[in-house]
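What follows is final05.cif (mmCIF, C-alpha atoms).
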```cif
data_structure
loop_
_atom_site.label_atom_id
_atom_site.label_comp_id
_atom_site.auth_asym_id
_atom_site.auth_seq_id
_atom_site.Cartn_x
_atom_site.Cartn_y
_atom_site.Cartn_z
CA MET O 1 36.04 10.58 19.01
CA SER O 2 36.17 7.67 21.34
CA GLU O 3 34.46 4.43 20.45
CA GLN O 4 32.10 4.85 23.42
CA ASN O 5 30.69 8.07 21.90
CA LEU O 6 29.74 6.16 18.75
CA GLN O 7 27.70 3.54 20.59
CA PRO O 8 23.97 3.66 19.82
CA SER O 9 22.02 5.30 22.63
CA PHE O 10 18.36 5.75 23.44
CA SER O 11 16.93 7.61 26.41
CA ILE O 12 13.73 9.29 27.50
CA GLN O 13 14.27 12.97 28.20
CA ARG O 14 10.70 13.84 29.21
CA ILE O 15 7.08 12.68 28.87
CA TYR O 16 4.50 15.47 28.92
CA LEU O 17 0.91 16.37 28.11
CA LYS O 18 1.15 18.69 25.12
CA ASP O 19 -2.51 19.45 24.49
CA LEU O 20 -5.86 18.60 26.05
CA SER O 21 -9.36 19.58 24.98
CA LEU O 22 -12.70 18.54 26.46
CA GLU O 23 -16.09 19.52 25.08
CA LEU O 24 -19.58 18.72 26.31
CA PRO O 25 -21.41 20.71 23.62
CA ASN O 26 -24.92 19.52 24.44
CA ALA O 27 -24.76 19.60 28.24
CA PRO O 28 -26.85 19.68 30.33
CA GLN O 29 -29.71 18.41 28.10
CA ILE O 30 -27.67 15.47 26.75
CA LEU O 31 -27.19 14.21 30.30
CA LEU O 32 -30.91 13.36 30.39
CA GLU O 33 -30.76 11.30 27.17
CA GLN O 34 -31.21 7.57 27.52
CA GLY O 35 -29.30 5.09 25.42
CA GLN O 36 -25.96 3.45 24.98
CA PRO O 37 -23.31 5.90 23.77
CA GLN O 38 -21.51 5.18 20.49
CA VAL O 39 -17.81 5.80 21.07
CA ASP O 40 -15.37 6.56 18.26
CA VAL O 41 -11.62 6.66 18.88
CA GLN O 42 -9.10 8.05 16.41
CA LEU O 43 -5.34 7.83 16.99
CA ASN O 44 -2.65 9.86 15.30
CA LEU O 45 1.13 9.70 15.57
CA HIS O 46 3.44 12.62 14.89
CA ALA O 47 7.23 12.62 15.07
CA GLU O 48 9.72 15.36 14.37
CA PRO O 49 13.34 16.14 15.16
CA VAL O 50 13.81 18.96 17.69
CA VAL O 51 17.58 19.30 17.62
CA GLU O 52 20.36 16.91 16.59
CA GLY O 53 19.64 13.54 18.20
CA ILE O 54 16.47 14.69 20.02
CA TYR O 55 13.02 13.77 18.69
CA GLU O 56 9.53 14.70 19.83
CA ILE O 57 7.05 11.86 19.45
CA ALA O 58 3.39 12.72 20.02
CA VAL O 59 0.39 10.40 20.13
CA THR O 60 -3.02 12.05 19.84
CA ALA O 61 -6.32 10.42 20.74
CA THR O 62 -9.64 11.93 19.69
CA VAL O 63 -12.54 10.28 21.52
CA THR O 64 -16.09 11.18 20.53
CA ALA O 65 -19.18 9.75 22.20
CA LYS O 66 -22.68 10.22 20.83
CA VAL O 67 -26.12 9.32 22.13
CA ASN O 68 -28.93 9.35 19.58
CA ASP O 69 -26.67 11.20 17.10
CA LYS O 70 -25.98 14.01 19.59
CA VAL O 71 -22.44 14.55 20.86
CA LEU O 72 -22.14 13.55 24.50
CA PHE O 73 -18.48 14.48 24.79
CA LEU O 74 -15.39 15.07 22.71
CA VAL O 75 -11.92 14.66 24.17
CA GLU O 76 -8.71 15.29 22.31
CA ALA O 77 -5.48 14.61 24.15
CA LYS O 78 -1.94 14.83 22.79
CA GLN O 79 0.71 13.13 24.90
CA ALA O 80 4.30 13.64 23.83
CA GLY O 81 7.79 12.61 24.72
CA LEU O 82 11.27 13.86 24.05
CA PHE O 83 13.65 11.06 23.19
CA GLU O 84 17.38 11.16 22.70
CA ILE O 85 18.35 8.77 19.91
CA ARG O 86 21.97 8.86 18.80
CA ASN O 87 24.28 6.78 16.59
CA VAL O 88 21.47 4.55 15.36
CA PRO O 89 21.69 3.34 11.75
CA GLU O 90 19.15 5.09 9.50
CA ASP O 91 17.31 1.83 8.72
CA GLN O 92 16.73 1.28 12.47
CA LEU O 93 15.77 4.86 13.33
CA GLN O 94 12.26 4.83 11.84
CA PRO O 95 11.12 1.70 13.72
CA ILE O 96 12.36 3.23 16.98
CA ILE O 97 10.46 6.45 16.27
CA ALA O 98 7.30 4.73 15.01
CA ILE O 99 7.15 1.74 17.38
CA ALA O 100 9.30 2.01 20.52
CA CYS O 101 8.65 5.67 21.36
CA PRO O 102 4.85 5.57 20.94
CA GLN O 103 4.73 2.41 23.07
CA ILE O 104 6.34 4.42 25.88
CA VAL O 105 4.07 7.49 25.45
CA TYR O 106 0.75 5.68 24.91
CA PRO O 107 0.11 4.47 28.50
CA TYR O 108 0.30 8.08 29.69
CA LEU O 109 -2.22 9.07 27.01
CA ARG O 110 -4.57 6.26 28.08
CA ALA O 111 -4.42 7.44 31.70
CA THR O 112 -5.04 11.07 30.72
CA VAL O 113 -8.14 10.25 28.66
CA ALA O 114 -9.59 8.01 31.39
CA ASP O 115 -8.88 10.61 34.08
CA VAL O 116 -10.37 13.59 32.24
CA LEU O 117 -13.55 11.65 31.44
CA ASN O 118 -13.81 10.45 35.03
CA ARG O 119 -13.72 14.12 36.13
CA THR O 120 -16.72 14.87 33.89
CA GLY O 121 -18.85 12.38 35.78
CA PHE O 122 -18.97 9.97 32.85
CA PRO O 123 -17.53 6.51 33.13
CA PRO O 124 -13.94 6.53 31.89
CA VAL O 125 -13.17 5.33 28.40
CA HIS O 126 -10.22 2.96 28.57
CA LEU O 127 -8.38 3.07 25.27
CA THR O 128 -7.45 -0.39 24.06
CA GLU O 129 -3.87 -1.49 23.69
CA VAL O 130 -2.32 -0.58 20.36
CA ASN O 131 0.15 -2.66 18.39
CA PHE O 132 2.38 0.10 17.03
CA GLN O 133 4.51 -2.44 15.19
CA ALA O 134 1.49 -3.65 13.21
CA MET O 135 0.53 -0.01 12.49
CA TYR O 136 4.04 0.73 11.25
CA GLU O 137 4.15 -2.37 9.04
CA SER O 138 0.72 -1.50 7.62
CA GLN O 139 1.91 2.02 6.77
CA LEU O 140 4.97 0.58 5.02
CA GLN O 141 2.75 -1.74 2.97
CA GLN O 142 0.41 1.12 2.05
CA ALA O 143 3.36 3.30 1.00
CA ALA O 144 4.80 0.47 -1.13
CA ALA O 145 1.42 -0.11 -2.77
CA ALA O 146 1.05 3.61 -3.49
CA GLN O 147 4.51 3.67 -5.12
CA GLN O 148 3.58 0.71 -7.32
CA VAL O 149 0.41 2.50 -8.45
CA GLN O 150 2.37 5.65 -9.28
CA ALA O 151 5.03 3.66 -11.14
CA SER O 152 2.48 1.99 -13.41
#
```
Go ahead and express the file in the form of structure tokens.
Amino acid sequence: MSEQNLQPSFSIQRIYLKDLSLELPNAPQILLEQGQPQVDVQLNLHAEPVVEGIYEIAVTATVTAKVNDKVLFLVEAKQAGLFEIRNVPEDQLQPIIAIACPQIVYPYLRATVADVLNRTGFPPVHLTEVNFQAMYESQLQQAAAAQQVQAS
């Protein structure tokens, strides 16, 4: 193999909306309710190899809004990307998968959630920026703490 073929490479193959769900379970009565909605946002990250050197990274947002303990709306959107990652040392692969790839996918997810809610007639919910590096480092710390508990 030539030296050029062993160079680390990273490229975006495709960004796509993998799943989208919208529920307004209490409409139309809930639309007459007065009060400030309570909004809960849950994020989830999933990564898996597809074929050699190609990884699917998906970020899922579940947004639930309630008024007076009744669900106003529930949106679940999963935005994904296919990334080609080759010749990267193993110790550098996980940070790319857990930090760099989600940072690329997340803005598309934010736009999807805002757009789908705008189409319902509700004001859009703009998901806040996420520090995927801090999330990754927190997960590493939690895993290390769990190993220490198991070891003792």
- Query: Exactly which residues make up the result of the PyMOL selection byres ((chain O and resi 49) around 12) on this file, given as a list in words?
  - Reply: His46, Ala47, Glu48, Val50, Val51, Glu52, Gly53, Ile54, Tyr55, Glu56, Ile57, Ala58, Gly81, Leu82, Phe83, Glu84, Ile85, Arg86, Leu93, Gln94 and Ile97 of chain O
- Message: Under the rule that all atoms listed in the file are counted, which of O:Val71, O:Cys101, O:Ala65, O:Lys78 is the nearest residue to O:Ile12?
- Response: O:Cys101
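A straight line drawn from atom CA of O:Gln103 to atom CA of O:Ala77 is 15.9 Å long.
For the pair atom CA of O:Pro28 and atom CA of O:Leu72, the interatomic distance is 9.7 Å.
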- Task: Identify all residues satisfying the PyMOL selection byres ((chain O and resi 74) around 8) in the given file; provide them as a list in words.
- Result: Ser21, Leu22, Glu23, Leu24, Thr62, Val63, Thr64, Ala65, Val71, Leu72, Phe73, Val75 and Glu76 of chain O
- Task: Work out how far apart atom CA of O:Gly121 and atom CA of O:Leu31 are and give it in Å to one decimal.
- Result: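 Atom CA of O:Leu31 lies 10.1 Å from atom CA of O:Gly121.
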- Message: Under the PyMOL selection byres ((chain O and resi 88) around 9), which residues of this model are included? Write them out as an MDAnalysis selection string.
- Response: chainID O and resid 7:10 85:87 89:93
Please report, as CSV, each residue of stretch 16-110 of chain O lying at most 9 Å from stretch 125-134 of chain O, together with the nearest pair of atoms and the separation in Å rounded to one decimal; use all atoms listed in the file, and order rows by chain and ascending residue number.
```
residue,atom,partner,partner_atom,distance
O:Val39,CA,O:Val125,CA,8.7
O:Val41,CA,O:Leu127,CA,8.0
O:Ala61,CA,O:Leu127,CA,8.9
O:Val63,CA,O:Val125,CA,8.5
O:Pro95,CA,O:Gln133,CA,7.9
O:Ala98,CA,O:Phe132,CA,7.1
O:Ile99,CA,O:Phe132,CA,5.1
O:Ala100,CA,O:Phe132,CA,8.0
O:Pro102,CA,O:Phe132,CA,7.2
O:Gln103,CA,O:Phe132,CA,6.9
O:Tyr106,CA,O:Val130,CA,8.3
O:Pro107,CA,O:Glu129,CA,8.6
O:Leu109,CA,O:Leu127,CA,8.8
O:Arg110,CA,O:Leu127,CA,5.7
```
